[in-house]
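Shown below: query-v9.tsv, with TSV, C-alpha atoms and all ligand atoms.
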chain	number	residue	atom	x	y	z
A	1	MET	CA	-23.19	64.87	-81.81
A	2	ARG	CA	-25.61	67.76	-82.27
A	3	ARG	CA	-24.84	70.79	-84.44
A	4	GLU	CA	-27.13	73.76	-84.93
A	5	LYS	CA	-26.51	77.00	-86.85
A	6	ASN	CA	-27.79	80.33	-85.50
A	7	ALA	CA	-28.79	78.66	-82.23
A	8	ALA	CA	-30.62	80.21	-79.28
A	9	LEU	CA	-28.61	80.44	-76.03
A	10	LEU	CA	-31.57	81.32	-73.80
A	11	GLY	CA	-31.76	77.75	-72.47
A	12	HIS	CA	-27.99	77.59	-72.00
A	13	ASN	CA	-27.47	80.39	-69.48
A	14	THR	CA	-29.13	80.59	-66.07
A	15	PHE	CA	-29.19	84.42	-66.23
A	16	GLY	CA	-31.86	83.96	-68.89
A	17	ILE	CA	-30.21	86.27	-71.44
A	18	ASP	CA	-31.80	85.96	-74.87
A	19	VAL	CA	-28.87	85.85	-77.29
A	20	ARG	CA	-27.79	83.57	-80.15
A	21	CYS	CA	-24.56	82.03	-81.39
A	22	ALA	CA	-23.38	81.35	-84.95
A	23	GLU	CA	-23.24	77.60	-84.19
A	24	PHE	CA	-23.92	75.34	-81.20
A	25	ILE	CA	-22.18	71.98	-80.97
A	26	GLU	CA	-22.79	69.30	-78.35
A	27	TYR	CA	-20.47	66.27	-78.26
A	28	GLU	CA	-20.84	63.08	-76.23
A	29	THR	CA	-17.39	61.47	-76.25
A	30	THR	CA	-13.70	62.36	-76.22
A	31	ASP	CA	-13.42	60.87	-79.72
A	32	GLU	CA	-16.11	63.21	-81.03
A	33	LEU	CA	-14.28	66.20	-79.53
A	34	GLN	CA	-10.97	65.09	-81.11
A	35	GLU	CA	-12.71	64.59	-84.46
A	36	LEU	CA	-14.11	68.15	-84.28
A	37	ILE	CA	-10.62	69.52	-83.64
A	38	ARG	CA	-9.08	67.42	-86.46
A	39	ARG	CA	-11.64	68.80	-88.89
A	40	GLY	CA	-10.68	72.33	-87.79
A	41	GLY	CA	-14.17	72.98	-86.42
A	42	LEU	CA	-13.16	74.47	-83.09
A	43	ARG	CA	-11.81	77.92	-83.90
A	44	ASN	CA	-13.32	80.98	-82.21
A	45	THR	CA	-15.17	78.76	-79.77
A	46	LEU	CA	-16.53	79.07	-76.28
A	47	HIS	CA	-16.80	75.92	-74.18
A	48	ILE	CA	-19.69	76.07	-71.73
A	49	GLY	CA	-21.08	73.81	-69.02
A	50	ALA	CA	-24.61	74.35	-67.76
A	51	GLY	CA	-24.22	78.12	-68.25
A	52	SER	CA	-24.64	78.79	-64.53
A	53	ASN	CA	-21.62	81.06	-64.25
A	54	LEU	CA	-21.89	83.00	-67.50
A	55	LEU	CA	-23.12	86.40	-68.62
A	56	PHE	CA	-23.61	86.89	-72.36
A	57	CYS	CA	-23.49	90.59	-73.32
A	58	ALA	CA	-24.22	90.11	-77.03
A	59	ASP	CA	-24.82	87.45	-79.68
A	60	TYR	CA	-21.76	85.18	-79.85
A	61	ASP	CA	-20.20	85.38	-83.29
A	62	GLY	CA	-18.64	81.95	-83.12
A	63	CYS	CA	-19.22	78.42	-81.99
A	64	VAL	CA	-20.51	77.54	-78.51
A	65	VAL	CA	-19.50	74.01	-77.51
A	66	HIS	CA	-21.00	71.86	-74.76
A	67	SER	CA	-19.73	68.54	-73.46
A	68	LYS	CA	-22.28	65.83	-72.76
A	69	ILE	CA	-19.62	63.30	-71.74
A	70	GLY	CA	-21.29	61.17	-69.07
A	71	GLY	CA	-20.33	58.27	-66.83
A	72	ILE	CA	-19.42	57.75	-63.19
A	73	GLU	CA	-16.88	54.96	-62.81
A	74	ILE	CA	-15.24	53.60	-59.67
A	75	LEU	CA	-11.50	53.30	-60.39
A	76	GLY	CA	-10.38	51.62	-57.18
A	77	SER	CA	-9.92	52.07	-53.47
A	78	LYS	CA	-7.19	52.26	-50.88
A	79	GLY	CA	-8.45	51.74	-47.33
A	80	ASP	CA	-11.57	53.89	-46.95
A	81	GLU	CA	-10.65	56.13	-49.88
A	82	VAL	CA	-12.34	55.50	-53.22
A	83	GLU	CA	-11.44	57.13	-56.55
A	84	ILE	CA	-14.22	57.83	-59.04
A	85	ARG	CA	-13.79	59.09	-62.61
A	86	VAL	CA	-16.63	61.28	-63.84
A	87	GLY	CA	-17.53	62.67	-67.27
A	88	ALA	CA	-17.37	66.46	-67.65
A	89	GLY	CA	-21.03	66.67	-68.68
A	90	VAL	CA	-22.42	65.04	-65.51
A	91	THR	CA	-24.50	67.45	-63.40
A	92	PHE	CA	-22.51	68.07	-60.22
A	93	ASP	CA	-25.51	67.75	-57.93
A	94	HIS	CA	-26.50	64.41	-59.57
A	95	LEU	CA	-22.99	63.23	-58.82
A	96	ILE	CA	-23.37	64.14	-55.14
A	97	ALA	CA	-26.74	62.35	-54.84
A	98	HIS	CA	-25.33	59.32	-56.66
A	99	CYS	CA	-22.23	59.15	-54.42
A	100	ILE	CA	-24.23	59.41	-51.20
A	101	GLY	CA	-26.48	56.62	-52.53
A	102	GLN	CA	-23.36	54.47	-53.07
A	103	GLY	CA	-21.98	55.22	-49.59
A	104	LEU	CA	-19.22	57.52	-50.92
A	105	TYR	CA	-18.87	60.68	-48.88
A	106	GLY	CA	-17.20	64.09	-48.94
A	107	LEU	CA	-19.15	66.24	-51.40
A	108	GLU	CA	-22.25	66.85	-49.20
A	109	ASN	CA	-21.51	70.54	-48.46
A	110	LEU	CA	-21.44	71.29	-52.21
A	111	SER	CA	-25.04	70.10	-52.64
A	112	LEU	CA	-27.29	72.03	-55.03
A	113	ILE	CA	-24.48	74.11	-56.56
A	114	PRO	CA	-25.66	74.40	-60.16
A	115	GLY	CA	-23.38	73.31	-62.98
A	116	GLU	CA	-21.49	70.35	-64.35
A	117	VAL	CA	-18.42	68.37	-63.36
A	118	GLY	CA	-16.12	69.89	-66.02
A	119	ALA	CA	-16.91	73.42	-64.86
A	120	SER	CA	-16.47	72.43	-61.20
A	121	ALA	CA	-12.82	71.70	-61.98
A	122	VAL	CA	-12.38	74.97	-63.90
A	123	GLN	CA	-14.06	77.17	-61.32
A	124	ASN	CA	-13.06	75.29	-58.15
A	125	ILE	CA	-16.64	75.64	-56.93
A	126	GLY	CA	-17.06	75.96	-53.20
A	127	ALA	CA	-19.65	76.36	-50.48
A	128	TYR	CA	-20.15	75.84	-46.74
A	129	GLY	CA	-16.52	75.11	-45.93
A	130	ALA	CA	-15.72	72.78	-48.86
A	131	GLU	CA	-14.18	73.30	-52.29
A	132	ALA	CA	-14.02	71.01	-55.32
A	133	LYS	CA	-10.19	71.04	-55.11
A	134	ASP	CA	-10.38	69.21	-51.75
A	135	PHE	CA	-11.61	66.12	-53.65
A	136	ILE	CA	-10.13	66.45	-57.15
A	137	ARG	CA	-7.27	64.03	-57.76
A	138	ARG	CA	-6.82	64.25	-61.51
A	139	VAL	CA	-8.20	66.22	-64.45
A	140	GLU	CA	-8.17	64.77	-67.97
A	141	GLY	CA	-8.83	66.73	-71.12
A	142	ILE	CA	-7.93	67.62	-74.67
A	143	TRP	CA	-5.69	70.42	-75.95
A	144	LEU	CA	-7.91	72.38	-78.29
A	145	GLY	CA	-4.99	73.25	-80.59
A	146	SER	CA	-3.60	69.78	-81.24
A	147	GLY	CA	-6.43	67.46	-80.18
A	148	GLU	CA	-3.95	65.59	-77.91
A	149	LYS	CA	-5.05	64.20	-74.55
A	150	PHE	CA	-3.62	65.45	-71.25
A	151	ALA	CA	-3.90	64.51	-67.58
A	152	MET	CA	-3.01	66.78	-64.68
A	153	THR	CA	-2.66	66.13	-60.98
A	154	ASN	CA	-4.40	68.34	-58.43
A	155	SER	CA	-1.23	70.35	-57.74
A	156	GLU	CA	-0.70	71.00	-61.47
A	157	CYS	CA	-4.17	72.59	-61.71
A	158	GLY	CA	-3.12	75.72	-59.73
A	159	TYR	CA	-6.15	75.66	-57.45
A	160	ALA	CA	-6.99	78.55	-55.14
A	161	TYR	CA	-10.23	80.30	-54.12
A	162	ARG	CA	-12.45	80.15	-57.26
A	163	ARG	CA	-9.30	79.81	-59.36
A	164	SER	CA	-7.54	77.21	-61.53
A	165	ILE	CA	-5.07	77.06	-64.39
A	166	PHE	CA	-8.02	76.27	-66.71
A	167	LYS	CA	-9.70	79.58	-65.83
A	168	GLU	CA	-6.55	81.65	-66.34
A	169	GLU	CA	-3.45	80.47	-68.26
A	170	LEU	CA	-5.22	77.67	-70.17
A	171	ARG	CA	-8.44	79.56	-70.83
A	172	SER	CA	-9.66	78.64	-74.36
A	173	LYS	CA	-6.69	76.26	-74.76
A	174	ALA	CA	-7.99	73.10	-73.09
A	175	ALA	CA	-11.28	71.23	-72.66
A	176	ILE	CA	-11.84	69.02	-69.63
A	177	THR	CA	-13.29	65.60	-70.45
A	178	HIS	CA	-13.09	63.73	-67.11
A	179	VAL	CA	-12.44	64.53	-63.47
A	180	THR	CA	-11.29	61.96	-60.89
A	181	PHE	CA	-12.43	62.59	-57.32
A	182	ALA	CA	-11.22	60.91	-54.12
A	183	LEU	CA	-14.14	60.20	-51.78
A	184	ASN	CA	-14.41	58.34	-48.51
A	185	ARG	CA	-16.42	55.37	-47.26
A	186	ASN	CA	-16.45	57.06	-43.82
A	187	PHE	CA	-18.87	59.94	-43.41
A	188	VAL	CA	-17.05	62.80	-41.68
A	189	PRO	CA	-19.39	65.82	-41.61
A	190	ARG	CA	-17.94	69.33	-42.01
A	191	LEU	CA	-20.10	71.56	-39.84
A	192	GLU	CA	-17.84	74.52	-39.03
A	193	TYR	CA	-19.23	76.97	-41.58
A	194	GLY	CA	-21.53	79.54	-39.94
A	195	GLY	CA	-25.17	78.52	-39.88
A	196	ILE	CA	-24.88	74.75	-40.54
A	197	ARG	CA	-25.14	73.62	-36.90
A	198	GLN	CA	-28.05	75.99	-36.29
A	199	ALA	CA	-29.86	74.66	-39.39
A	200	LEU	CA	-29.30	71.05	-38.23
A	201	VAL	CA	-30.96	71.86	-34.90
A	202	GLN	CA	-33.86	73.55	-36.72
A	203	ASN	CA	-34.29	70.37	-38.79
A	204	GLY	CA	-34.29	68.28	-35.61
A	205	TYR	CA	-31.05	66.45	-36.53
A	206	ASP	CA	-28.56	65.30	-33.93
A	207	GLU	CA	-24.88	65.89	-34.70
A	208	GLU	CA	-23.91	62.55	-33.16
A	209	THR	CA	-26.19	60.47	-35.38
A	210	LEU	CA	-26.14	62.73	-38.46
A	211	THR	CA	-26.25	60.99	-41.84
A	212	ALA	CA	-24.89	62.29	-45.16
A	213	GLU	CA	-28.47	62.48	-46.50
A	214	GLN	CA	-29.48	64.70	-43.57
A	215	LEU	CA	-26.48	66.99	-44.08
A	216	ARG	CA	-27.23	67.22	-47.82
A	217	GLU	CA	-30.87	68.05	-47.11
A	218	THR	CA	-29.79	70.72	-44.60
A	219	ILE	CA	-27.36	72.35	-47.05
A	220	ILE	CA	-30.05	72.31	-49.75
A	221	GLY	CA	-32.43	73.99	-47.29
A	222	ILE	CA	-29.91	76.75	-46.49
A	223	ARG	CA	-29.26	77.42	-50.19
A	224	ARG	CA	-32.98	77.50	-51.06
A	225	GLN	CA	-33.57	79.99	-48.27
A	226	LYS	CA	-30.76	82.35	-49.23
A	227	LEU	CA	-30.23	82.05	-52.96
A	228	PRO	CA	-32.71	82.77	-55.77
A	229	ASP	CA	-33.80	79.82	-57.93
A	230	PRO	CA	-32.55	80.51	-61.49
A	231	ASP	CA	-35.68	78.82	-62.87
A	232	VAL	CA	-37.76	81.52	-61.21
A	233	GLN	CA	-35.42	84.52	-61.43
A	234	GLY	CA	-32.41	84.47	-63.76
A	235	ASN	CA	-29.06	84.62	-61.98
A	236	ALA	CA	-25.61	83.04	-61.94
A	237	GLY	CA	-25.07	82.62	-58.19
A	238	SER	CA	-22.44	84.88	-56.66
A	239	PHE	CA	-21.74	87.59	-59.21
A	240	PHE	CA	-18.65	88.80	-57.33
A	241	MET	CA	-15.77	87.08	-55.57
A	242	ASN	CA	-15.19	87.83	-51.90
A	243	PRO	CA	-12.20	90.20	-51.96
A	244	ILE	CA	-9.00	89.19	-50.17
A	245	VAL	CA	-7.28	92.32	-48.88
A	246	SER	CA	-3.97	93.11	-47.18
A	247	ASP	CA	-3.75	93.47	-43.38
A	248	GLU	CA	-3.22	97.20	-43.86
A	249	THR	CA	-6.40	97.64	-45.92
A	250	PHE	CA	-8.32	95.49	-43.44
A	251	ARG	CA	-7.15	97.59	-40.46
A	252	ARG	CA	-8.25	100.75	-42.26
A	253	ILE	CA	-11.73	99.34	-42.84
A	254	GLU	CA	-11.99	97.87	-39.33
A	255	LYS	CA	-11.15	101.24	-37.76
A	256	GLU	CA	-14.31	102.76	-39.21
A	257	ASN	CA	-16.38	99.54	-39.09
A	258	PRO	CA	-15.42	97.58	-35.96
A	259	ASP	CA	-18.00	94.87	-36.78
A	260	VAL	CA	-16.72	94.10	-40.31
A	261	PRO	CA	-17.07	90.32	-40.85
A	262	HIS	CA	-13.81	88.72	-42.02
A	263	TYR	CA	-11.86	85.48	-42.36
A	264	ARG	CA	-8.07	85.38	-42.10
A	265	GLY	CA	-6.19	83.18	-44.57
A	266	ASP	CA	-2.60	82.67	-45.76
A	267	ASP	CA	-2.97	85.21	-48.56
A	268	GLY	CA	-4.74	88.00	-46.64
A	269	VAL	CA	-8.07	88.86	-45.06
A	270	LYS	CA	-11.28	87.85	-46.86
A	271	ILE	CA	-14.20	90.26	-46.45
A	272	PRO	CA	-17.66	89.12	-47.63
A	273	ALA	CA	-18.62	91.06	-50.76
A	274	ALA	CA	-22.23	90.69	-49.55
A	275	TRP	CA	-21.40	92.86	-46.55
A	276	LEU	CA	-19.56	95.49	-48.61
A	277	ILE	CA	-22.51	95.70	-51.03
A	278	GLU	CA	-25.10	95.89	-48.26
A	279	GLN	CA	-23.14	98.63	-46.46
A	280	SER	CA	-22.96	100.53	-49.76
A	281	GLY	CA	-26.76	100.61	-49.84
A	282	TRP	CA	-27.35	98.23	-52.75
A	283	LYS	CA	-29.09	95.28	-51.04
A	284	GLY	CA	-32.42	94.64	-52.77
A	285	ARG	CA	-32.07	97.64	-55.15
A	286	THR	CA	-33.10	97.58	-58.80
A	287	LEU	CA	-31.44	99.36	-61.73
A	288	GLY	CA	-33.41	99.06	-64.96
A	289	ARG	CA	-34.10	95.36	-65.57
A	290	ALA	CA	-31.42	94.11	-63.16
A	291	ALA	CA	-31.48	93.88	-59.37
A	292	VAL	CA	-29.32	93.11	-56.36
A	293	HIS	CA	-30.92	90.16	-54.58
A	294	ALA	CA	-32.66	91.10	-51.34
A	295	ARG	CA	-31.45	88.11	-49.28
A	296	GLN	CA	-27.95	87.66	-50.72
A	297	PRO	CA	-26.57	90.91	-52.21
A	298	LEU	CA	-23.65	89.04	-53.76
A	299	VAL	CA	-26.12	87.76	-56.34
A	300	LEU	CA	-27.34	89.96	-59.22
A	301	VAL	CA	-30.62	88.91	-60.79
A	302	ASN	CA	-32.45	89.38	-64.06
A	303	ALA	CA	-35.52	91.32	-62.95
A	304	GLY	CA	-37.28	90.38	-66.20
A	305	GLY	CA	-36.12	90.67	-69.80
A	306	ALA	CA	-32.65	91.98	-68.88
A	307	THR	CA	-29.84	92.09	-71.42
A	308	GLY	CA	-26.25	91.35	-70.49
A	309	ASP	CA	-25.60	95.11	-70.61
A	310	ASP	CA	-28.38	95.74	-68.06
A	311	ILE	CA	-26.63	93.34	-65.66
A	312	LEU	CA	-23.21	94.90	-66.42
A	313	ARG	CA	-24.54	98.40	-65.77
A	314	LEU	CA	-25.70	97.25	-62.33
A	315	CYS	CA	-22.37	95.48	-61.75
A	316	GLU	CA	-20.49	98.67	-62.52
A	317	ALA	CA	-22.75	100.82	-60.33
A	318	VAL	CA	-22.29	98.42	-57.38
A	319	CYS	CA	-18.49	98.27	-57.90
A	320	LYS	CA	-18.30	102.08	-58.03
A	321	SER	CA	-20.22	102.49	-54.75
A	322	VAL	CA	-18.14	99.85	-52.96
A	323	GLU	CA	-14.91	101.39	-54.24
A	324	GLU	CA	-15.93	104.91	-53.21
A	325	ARG	CA	-16.96	103.77	-49.75
A	326	PHE	CA	-14.24	101.19	-48.95
A	327	GLY	CA	-11.48	101.64	-51.55
A	328	ILE	CA	-11.90	97.99	-52.64
A	329	ARG	CA	-12.54	97.04	-56.27
A	330	LEU	CA	-14.85	94.01	-56.45
A	331	LYS	CA	-14.03	91.41	-59.10
A	332	PRO	CA	-16.77	89.51	-60.93
A	333	GLU	CA	-16.80	85.78	-60.36
A	334	VAL	CA	-19.08	85.27	-63.34
A	335	ASN	CA	-17.48	84.74	-66.74
A	336	ILE	CA	-18.51	87.80	-68.79
A	337	ILE	CA	-18.69	87.15	-72.54
A	338	ARG	CA	-18.60	90.48	-74.40
B	401	LIG	N1	-23.67	89.08	-45.46
B	401	LIG	C1	-24.13	90.37	-45.32
B	401	LIG	N2	-25.37	90.66	-45.82
B	401	LIG	C2	-26.14	89.73	-46.42
B	401	LIG	C3	-25.66	88.40	-46.59
B	401	LIG	C4	-24.40	88.11	-46.10
B	401	LIG	O1	-23.47	91.24	-44.75
B	401	LIG	O2	-27.26	90.08	-46.84
B	401	LIG	C5	-22.33	88.76	-44.91
B	401	LIG	C6	-22.46	88.14	-43.51
B	401	LIG	O3	-21.42	88.63	-42.72
B	401	LIG	C7	-22.26	86.66	-43.79
B	401	LIG	C8	-21.24	86.73	-44.90
B	401	LIG	O4	-21.66	87.81	-45.71
B	401	LIG	O5	-21.76	85.99	-42.67
B	401	LIG	C9	-21.12	85.44	-45.71
B	401	LIG	O6	-22.37	85.15	-46.31
B	401	LIG	P1	-22.68	83.70	-46.89
B	401	LIG	O7	-22.42	82.68	-45.85
B	401	LIG	O8	-24.04	83.73	-47.51
B	401	LIG	O9	-21.55	83.46	-47.98
B	401	LIG	P2	-20.83	84.38	-49.06
B	401	LIG	O10	-19.41	84.59	-48.63
B	401	LIG	O11	-21.62	85.61	-49.31
B	401	LIG	C10	-19.90	82.35	-50.41
B	401	LIG	C11	-19.90	81.83	-51.81
B	401	LIG	C12	-21.24	81.20	-52.15
B	401	LIG	C13	-21.49	80.07	-51.17
B	401	LIG	C14	-21.47	80.65	-49.75
B	401	LIG	C15	-21.60	79.57	-48.71
B	401	LIG	C16	-18.36	83.27	-53.01
B	401	LIG	C17	-18.20	84.30	-54.09
B	401	LIG	N3	-19.61	82.91	-52.74
B	401	LIG	O12	-20.84	83.42	-50.35
B	401	LIG	O13	-21.12	80.65	-53.46
B	401	LIG	O14	-22.74	79.45	-51.42
B	401	LIG	O15	-20.20	81.31	-49.51
B	401	LIG	O16	-20.41	78.88	-48.60
B	401	LIG	O17	-17.36	82.80	-52.48
B	401	LIG	C18	-21.51	80.95	-55.78
B	401	LIG	O18	-20.29	80.84	-55.91
B	401	LIG	O19	-22.28	81.14	-56.74
B	401	LIG	C19	-22.08	80.91	-54.42
B	401	LIG	C20	-23.37	81.12	-54.17
When written as structure tokens, how does the structure in this file appear?
Amino acid sequence: MRREKNAALLGHNTFGIDVRCAEFIEYETTDELQELIRRGGLRNTLHIGAGSNLLFCADYDGCVVHSKIGGIEILGSKGDEVEIRVGAGVTFDHLIAHCIGQGLYGLENLSLIPGEVGASAVQNIGAYGAEAKDFIRRVEGIWLGSGEKFAMTNSECGYAYRRSIFKEELRSKAAITHVTFALNRNFVPRLEYGGIRQALVQNGYDEETLTAEQLRETIIGIRRQKLPDPDVQGNAGSFFMNPIVSDETFRRIEKENPDVPHYRGDDGVKIPAAWLIEQSGWKGRTLGRAAVHARQPLVLVNAGGATGDDILRLCEAVCKSVEERFGIRLKPEVNIIR
């Protein structure tokens, strides 16, 4: 276990915000986490993963806690399906590379999403037609109040688009220690999401003979082309969620914008926030030390030395423009710590 008072958080958030916390604690096992709770050391705490979906707006006057629980363990298989139990502190992209190396498939479309396994189950990360919830079987963790263990099935986790019970009702009440995923020994590529097939052709790959490694490489290529590298320019991926609007709202927008991109789902019509932001004139624009990314306007970036407030000011300016133009209030996807 590592404990540090008055610790720097610069290396713990991909936005590159230079703030500090009263204490930083990193634990490596479930026992260590339970011990911390028993000793009453986890009050006023913020649990973080790799800090790739966080915006700190000020120094954190409390304890920031990070899980380094590792391990990737095969639990068993039924037919072609294999269950693997993974520690919350494992880097999600390492998990994908490891699984493909072991001939366990399913996670390819989530390649290169930054962050760790624990956070993937909180945030229900998703990209290119796949979401973490499609593979999550069970989530194990610790109640931060009592230190007791819990295990939840997929349906108990309340998963929806970028949503889970851990992000809402159980926020600050539970810490995830392990996630069990169901993967497959058969490689069944998911290629429906716009742009994947085109990118495969550009890479010279044939759909009929496609391997999981080739699909992973293609997804990584698409992400590198569209999304800024946080090591070069601080950011936390999509800053906003894609809004899901009612049919009525959609028809109103479509009347004035016949080409509005959209996806129909059970709960309404999803409109890409990137499109709304671009139409509102913000693509590539800078405000102070924060900017809207020029290739993917859904992403806000640290243009150099930005504070959390600089990013929030830009967030609010973008939201205001989108609301004035379309009557839709964008919601941040990033966890804003004020
Ligand atoms: N678009 C524009 N202008 C642009 C870029 C995009 O109008 O400059 C419109 C286009 O109509 C495009 C549509 O937005 O077809 C969708 O764009 P894209 O495929 O890049 O995906 P997204 O909906 O903007 C979501 C996720 C991303 C994920 C991609 C790919 C959210 C909030 N974001 O973005 O996730 O990588 O799909 O699946 O759902 C993240 O969560 O950090 C993240 C990057």
Show me which residues sit within 8 Å of ligand LIG 401 (chain B) when counting all atoms listed in the file, and put them as a tab-separated table (two decimals) with C-alpha atoms, in the coordinates of the input.
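As a result, pocket.tsv now contains:
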chain	number	residue	atom	x	y	z
A	53	ASN	CA	-21.62	81.06	-64.25
A	113	ILE	CA	-24.48	74.11	-56.56
A	125	ILE	CA	-16.64	75.64	-56.93
A	126	GLY	CA	-17.06	75.96	-53.20
A	127	ALA	CA	-19.65	76.36	-50.48
A	128	TYR	CA	-20.15	75.84	-46.74
A	129	GLY	CA	-16.52	75.11	-45.93
A	130	ALA	CA	-15.72	72.78	-48.86
A	161	TYR	CA	-10.23	80.30	-54.12
A	162	ARG	CA	-12.45	80.15	-57.26
A	193	TYR	CA	-19.23	76.97	-41.58
A	194	GLY	CA	-21.53	79.54	-39.94
A	195	GLY	CA	-25.17	78.52	-39.88
A	223	ARG	CA	-29.26	77.42	-50.19
A	226	LYS	CA	-30.76	82.35	-49.23
A	227	LEU	CA	-30.23	82.05	-52.96
A	236	ALA	CA	-25.61	83.04	-61.94
A	237	GLY	CA	-25.07	82.62	-58.19
A	238	SER	CA	-22.44	84.88	-56.66
A	239	PHE	CA	-21.74	87.59	-59.21
A	240	PHE	CA	-18.65	88.80	-57.33
A	241	MET	CA	-15.77	87.08	-55.57
A	242	ASN	CA	-15.19	87.83	-51.90
A	260	VAL	CA	-16.72	94.10	-40.31
A	261	PRO	CA	-17.07	90.32	-40.85
A	262	HIS	CA	-13.81	88.72	-42.02
A	271	ILE	CA	-14.20	90.26	-46.45
A	272	PRO	CA	-17.66	89.12	-47.63
A	273	ALA	CA	-18.62	91.06	-50.76
A	274	ALA	CA	-22.23	90.69	-49.55
A	275	TRP	CA	-21.40	92.86	-46.55
A	276	LEU	CA	-19.56	95.49	-48.61
A	277	ILE	CA	-22.51	95.70	-51.03
A	278	GLU	CA	-25.10	95.89	-48.26
A	279	GLN	CA	-23.14	98.63	-46.46
A	283	LYS	CA	-29.09	95.28	-51.04
A	294	ALA	CA	-32.66	91.10	-51.34
A	295	ARG	CA	-31.45	88.11	-49.28
A	296	GLN	CA	-27.95	87.66	-50.72
A	297	PRO	CA	-26.57	90.91	-52.21
A	298	LEU	CA	-23.65	89.04	-53.76
A	299	VAL	CA	-26.12	87.76	-56.34
A	333	GLU	CA	-16.80	85.78	-60.36
Query raised in the report: If you count all atoms listed in the file, which residues fall within 7 Å of Glu140 of chain A, apart from same-chain ones fewer than 3 positions away, as a ChimeraX atom specification?
Result: /A:150-152,176-179
Excluding segment 9-26 of chain A and its own-chain neighbours fewer than 5 positions away, which residues fall within 9 Å of it when counting only C-alpha atoms? Please give them as a PDB file with C-alpha atoms, in the coordinates of the input.
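This is the output file result-v5.pdb:
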ATOM      1  CA  MET A   1     -23.190  64.870 -81.810  1.00  0.00           C
ATOM      2  CA  ARG A   2     -25.610  67.760 -82.270  1.00  0.00           C
ATOM      3  CA  ARG A   3     -24.840  70.790 -84.440  1.00  0.00           C
ATOM      4  CA  GLU A   4     -27.130  73.760 -84.930  1.00  0.00           C
ATOM      5  CA  ILE A  48     -19.690  76.070 -71.730  1.00  0.00           C
ATOM      6  CA  GLY A  49     -21.080  73.810 -69.020  1.00  0.00           C
ATOM      7  CA  ALA A  50     -24.610  74.350 -67.760  1.00  0.00           C
ATOM      8  CA  GLY A  51     -24.220  78.120 -68.250  1.00  0.00           C
ATOM      9  CA  SER A  52     -24.640  78.790 -64.530  1.00  0.00           C
ATOM     10  CA  ASN A  53     -21.620  81.060 -64.250  1.00  0.00           C
ATOM     11  CA  LEU A  54     -21.890  83.000 -67.500  1.00  0.00           C
ATOM     12  CA  LEU A  55     -23.120  86.400 -68.620  1.00  0.00           C
ATOM     13  CA  PHE A  56     -23.610  86.890 -72.360  1.00  0.00           C
ATOM     14  CA  CYS A  57     -23.490  90.590 -73.320  1.00  0.00           C
ATOM     15  CA  ALA A  58     -24.220  90.110 -77.030  1.00  0.00           C
ATOM     16  CA  ASP A  59     -24.820  87.450 -79.680  1.00  0.00           C
ATOM     17  CA  TYR A  60     -21.760  85.180 -79.850  1.00  0.00           C
ATOM     18  CA  ASP A  61     -20.200  85.380 -83.290  1.00  0.00           C
ATOM     19  CA  GLY A  62     -18.640  81.950 -83.120  1.00  0.00           C
ATOM     20  CA  CYS A  63     -19.220  78.420 -81.990  1.00  0.00           C
ATOM     21  CA  VAL A  64     -20.510  77.540 -78.510  1.00  0.00           C
ATOM     22  CA  VAL A  65     -19.500  74.010 -77.510  1.00  0.00           C
ATOM     23  CA  HIS A  66     -21.000  71.860 -74.760  1.00  0.00           C
ATOM     24  CA  SER A  67     -19.730  68.540 -73.460  1.00  0.00           C
ATOM     25  CA  LYS A  68     -22.280  65.830 -72.760  1.00  0.00           C
ATOM     26  CA  PRO A 230     -32.550  80.510 -61.490  1.00  0.00           C
ATOM     27  CA  ASP A 231     -35.680  78.820 -62.870  1.00  0.00           C
ATOM     28  CA  GLN A 233     -35.420  84.520 -61.430  1.00  0.00           C
ATOM     29  CA  GLY A 234     -32.410  84.470 -63.760  1.00  0.00           C
ATOM     30  CA  ASN A 235     -29.060  84.620 -61.980  1.00  0.00           C
ATOM     31  CA  ALA A 236     -25.610  83.040 -61.940  1.00  0.00           C
ATOM     32  CA  VAL A 301     -30.620  88.910 -60.790  1.00  0.00           C
ATOM     33  CA  ASN A 302     -32.450  89.380 -64.060  1.00  0.00           C
ATOM     34  CA  GLY A 304     -37.280  90.380 -66.200  1.00  0.00           C
ATOM     35  CA  GLY A 305     -36.120  90.670 -69.800  1.00  0.00           C
ATOM     36  CA  ALA A 306     -32.650  91.980 -68.880  1.00  0.00           C
ATOM     37  CA  THR A 307     -29.840  92.090 -71.420  1.00  0.00           C
ATOM     38  CA  GLY A 308     -26.250  91.350 -70.490  1.00  0.00           C
TER      39      GLY A 308
END
Query raised in the report: Could you state the separation of atom CA of Thr211 of chain A and atom CA of Ala182 of chain A in Å, given to one decimal place?
Result: 19.4 Å
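Counting only C-alpha atoms, Glu213 of chain A has the following residues at most 12 Å away, ignoring those fewer than 4 positions along the same chain: A:Ile96, A:Ala97, A:His98, A:Cys99, A:Ile100, A:Gly101, A:Gln102, A:Gly103, A:Leu104, A:Tyr105, A:Gly106, A:Leu107, A:Glu108, A:Asn109, A:Ser111, A:Phe187, A:Pro189, A:Leu200, A:Tyr205, A:Thr209, A:Glu217, A:Thr218, A:Ile219, A:Ile220.
Close contacts of Val86 of chain A, defined as residues with an atom at most 9 Å away when counting all atoms listed in the file, with chain neighbours fewer than 6 positions off set aside, comprise Ile69, Gly70, Gly71, Ile72, Glu73, Ile74, Leu95, Val117, Gly118, Thr177, His178, Val179, Thr180 and Phe181 of chain A.
For the set A:Leu287, A:Val292, A:Ile336, A:Ile328, the residue with the smallest atom-to-atom gap to Arg252 of chain A is A:Ile328, counting all atoms listed in the file.
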Once you add 6 Å to each side, what are the centre and edge lengths of the axis-aligned box holding all listed atoms of segment 289-294 of chain A? One decimal in Å, as JSON, if you can.
{"center_x": -31.7, "center_y": 92.8, "center_z": -58.5, "size_x": 16.8, "size_y": 17.2, "size_z": 26.2}
